[in-house]
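S.K.: A single structure is presented below for examination.
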Amino acid sequence: MGLRLVPGQLEAMPLRQLLSISMDVLPADVISPKNSAIVSRSISTTPPVALSPATSKAAIRTSLRASTADGVFATIFSNIAGGVLLSNFLVELHATPVEIGMLASIPMLANLLQPIGAYFSERSTSRHYYCLWIYGPSRLLWLILVGAIALFSWGKVDTHQLVNWTLAIVFVTHFLGAFGSAAWLSWLAVLVPRRLRGRYFGFRNSAASLTNLLSVPILGWLVSAWRGGSIAGYGIILLFGIVAGIVSLSFQFFMVDVNPQVQHQVSAQSEPAETLNSPVWFDVVKDANFLRFLLYISVWMFAVNLSAPFFNLYLLDNLSLNIRWVTLYNSLAAGANMIMLVVWGRIADRVGNRPLLLLSGILVAITPLLWLGTSTNAWSLWLWLPALHLFTGGTWAAIDLCSNNLQIGVAPTRNQASFFAIAAAVAGVSGAIGTTTGGLLTQFANYGGLPGLFALSSVVRLVALLPLIFVHERHGQSLNQVMQVLFPGKKLERVNED
């Protein structure tokens with residue numbers, strides 16, 4: 001629900017073994033299982049619920065499994081209410097590149113509200129119920145678009161009005177959902193021990209990627225083959241997605257709840273007395289390392305979103321490919337993402353997230369240039385485009401996994417949700433500016449259309465990596481150590497030569 005991080009993958013260790021590892025690094029006095037007692041509403045040193053180590057361990061294991069199931073069904077919802085299926089819906093309605101750009105920029109602009117959401121969530125007494133009352137209504141509001149599509153099918157609404165209704169629903173639901181993003185990430189940051197973050201989030205994202213791999217082609221085929229037309233078909237699929245979104249929220253009832261008030265008291269015990277009453281903005285300004293991270297994430301999000309929302313548009317519009325082809329390619333990317341997260345999760349736990357972001361960032365930066373060689377001939381359709389999507393999915397696996405983990409690593413424990421919200425707001429604004437700029441350049445600038453935009457984005461992405469060099473990550477390793485992990489054979493050769 002945060003940087004999409006979106007959405008990853010598995011880890012060599014089986015889930016049962018992974019979740020049975022001792023949870024001794026988790027502060028047990030911050031959590032309370034909802035199936036045992038109501039979250040404490042007091043701000044005392046007494047834990048919300050007195051948990052024995054065995055009970056706490058079992059509760060956390062159940063929570064992480066429930067969170068994985070939550071991610072699977074949430075992926076189905078997000079694939080339908082966003083991504084290639086929603087983009088194809090707007091293309092079928094003859095939306096302009098600027099409107100396509102707005103579709104991608106609205107969720108990022110909505111992140112401006114995350115600091116406000118963090119403010120309210122930090123004053124709540126339950127992460128679970130706060131998220132439930134945010135994401136429940138935001139997903140149910142998509143029923144309005146289902147009704148609008150029905151009116152369109154009956155000739156009561158024209159294409160321009162339906163485009164406007166779609167953008168309005170995207171605007172309202174994402175701005176409402178932004179109030180819960182920081183709370184959700186803070187919830188998971190407490191539940192998942194630091195030493196298992198790479199592996200667990202790798203597994204959770206792997207399950208989501210597998211769902212993406214299987215669901216997107218099927219959903220794309222259903223939309224394309226619907227007898228009433230692809231627009232009506234999308235309306236039916238959207239109704240199914242809303243149900244999946246509500247089912248995903250039901251799994252959160254099986255997750256250990258967190259009382260932010262008790263969490264604050266625990267973190268305050270390790271803070272200097274003079275900093276306890278300082279405002280959040282002061283803590284952010286004096287944290288030079290977090291400011292460097294903000295600079296990196298803002299420039300990076302601008303560079304990525306300068307072209308990212310338009311790759312599917314390029315396939316659907318410029319190359320005039322059928323939605324079945326596009327969903328197939330997206331599924332290949334999801335499959336590569338799932339497989340590579342097995343690798344990236346293990347490496348991230350060993351060497352840290354920042355070095356992997358630098359290495360994978362370079363690969364992601366050159367990706368837009370590879371799109372310049374695509375066309376509609378057989379070689380491109382059957383080899384180049386599939387290989388390009390496999391490469392993209394594999395490299396973005398590291399970006400998705402390590403970005404969130406690095407954010408958790410650089411943000412202090414005190415006022416953590418507020419730090420997450422500020423980072424999301426900065427990323428959202430810069431990403432929205434990038435998307436809007438890309439749409440305007442594509443529609444109004446005479447410099448080569450989408451191919452020219454792809455080339456420009458590649459250059460800006462490389463520049464965006466420079467601030468990341470100066471970000472410090474706790475427990476991280478040097479680039480040389482990362483290369484030794486990635487290419488252990490080379491290290492052995494050098495030793496033998498010596």
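Please note that chains go A, B, ... in the order of the structure tokens, that every chain numbers its residues from 1, and that ligands are numbered from 1 in the order shown.
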What's around A:Pro412 at 10 Å? Count only C-alpha atoms, leave out sequence neighbours fewer than 2 positions away in its own chain, and write the answer as JSON, numbers by chain.
M.R.: {"A": [267, 283, 284, 287, 290, 407, 408, 409, 410, 414, 415, 416, 417, 419, 420]}
S.K.: Per residue of stretch 331-402 of chain A within 12 Å of stretch 214-238 of chain A, note the shortest atom pair and the distance in Å to one decimal, counting only C-alpha atoms, and order the rows by chain and increasing residue number, as CSV.
M.R.:
residue,atom,partner,partner_atom,distance
A:Ser331,CA,A:Val216,CA,6.4
A:Leu332,CA,A:Pro217,CA,9.8
A:Ala333,CA,A:Val216,CA,11.1
A:Ala334,CA,A:Leu214,CA,9.0
A:Gly335,CA,A:Leu214,CA,8.9
A:Met338,CA,A:Leu214,CA,11.7
S.K.: Take the residues that were just selected and, keeping C-alpha atoms, output them as a tab-separated table (two decimals), in the first residue's frame.
M.R.:
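Produced file result.tsv, reproduced below:
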chain	number	residue	atom	x	y	z
A	331	SER	CA	2.96	-11.69	-16.64
A	332	LEU	CA	6.46	-12.57	-17.84
A	333	ALA	CA	7.75	-9.56	-15.93
A	334	ALA	CA	5.84	-10.70	-12.85
A	335	GLY	CA	7.31	-14.19	-13.16
A	338	MET	CA	8.95	-13.55	-8.42
S.K.: Can you pull out the residues contacting stretch 80-86 of chain A? Cut-off 6 Å, using only C-alpha atoms, and skip same-chain residues under 2 positions away; I want them as a list in words.
M.R.: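 These residues fall inside the cut-off: Phe77, Ser78, Asn88, Phe89, Leu238 and Gly241 of chain A.
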S.K.: I need the residue nearest A:Gly361 from this list: A:Val343, A:Leu93, A:Leu456, A:Ala464. Use only C-alpha atoms for the distance.
M.R.: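 Looking only at the distances to A:Gly361, the closest residue turns out to be A:Ala464.
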S.K.: Which neighbours of A:Leu176 fall inside 9 Å, counting only C-alpha atoms, when residues of the same chain fewer than 5 positions from it are skipped, and could you give them as a list in words?
M.R.: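 Listed by chain and then number, they are Ala110, Leu113, Ile134, Tyr135, Pro137, Ser138 and Phe171 of chain A.
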S.K.: List the spatial neighbours of stretch 387-399 of chain A as a ChimeraX atom specification - criterion: any atom at most 8 Å away, only C-alpha atoms, same-chain residues fewer than 4 positions off excluded.
M.R.: /A:8-9,329-330,332-341,344,356-357,360-361,363-364,367,370-371,383,403
S.K.: Would you mind writing down, as a PyMOL selection string, each residue of stretch 111-206 of chain A that DSSP on the backbone assigns to alpha helix (DSSP H)?
M.R.: chain A and resi 114-122+127-140+143-153+159-191+197-206
S.K.: In terms of the shortest atom-to-atom distance over only C-alpha atoms, which of A:Ser87, A:Asn111, A:Thr327, A:Gln161 is closest to A:Ile149?
M.R.: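 Closest to A:Ile149 of all the choices is A:Gln161.
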S.K.: Using only C-alpha atoms, which residue out of A:Met255, A:Ala427, A:Leu112, A:Leu132 lies closest to A:Leu295?
M.R.: A:Ala427
S.K.: Show me, as a count of residues only, the residues that have an atom within 7 Å of stretch 181-189 of chain A when counting only C-alpha atoms, minus same-chain residues fewer than 6 positions from it.
M.R.: 12
S.K.: Could the residues of stretch 296-414 of chain A that have an atom at most 12 Å from stretch 440-445 of chain A be listed as JSON lines, each with its closest atom pair and the distance in Å to one decimal, counting only C-alpha atoms and ordered by chain and ascending residue number?
M.R.:
{"residue": "A:Leu306", "atom": "CA", "partner": "A:Leu441", "partner_atom": "CA", "distance": 9.4}
{"residue": "A:Ser307", "atom": "CA", "partner": "A:Thr442", "partner_atom": "CA", "distance": 9.7}
{"residue": "A:Pro309", "atom": "CA", "partner": "A:Thr442", "partner_atom": "CA", "distance": 11.7}
{"residue": "A:Phe310", "atom": "CA", "partner": "A:Thr442", "partner_atom": "CA", "distance": 9.3}
{"residue": "A:Leu313", "atom": "CA", "partner": "A:Thr442", "partner_atom": "CA", "distance": 11.2}
{"residue": "A:Tyr314", "atom": "CA", "partner": "A:Thr442", "partner_atom": "CA", "distance": 10.9}
{"residue": "A:Asn318", "atom": "CA", "partner": "A:Thr442", "partner_atom": "CA", "distance": 11.9}
S.K.: Using only C-alpha atoms, pick whichever of A:Ile76, A:Val426, A:Val98, A:Val91 has the shortest atom-to-atom distance to A:Leu210.
M.R.: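 Counting only C-alpha atoms, the residue closest to A:Leu210 is A:Ile76.
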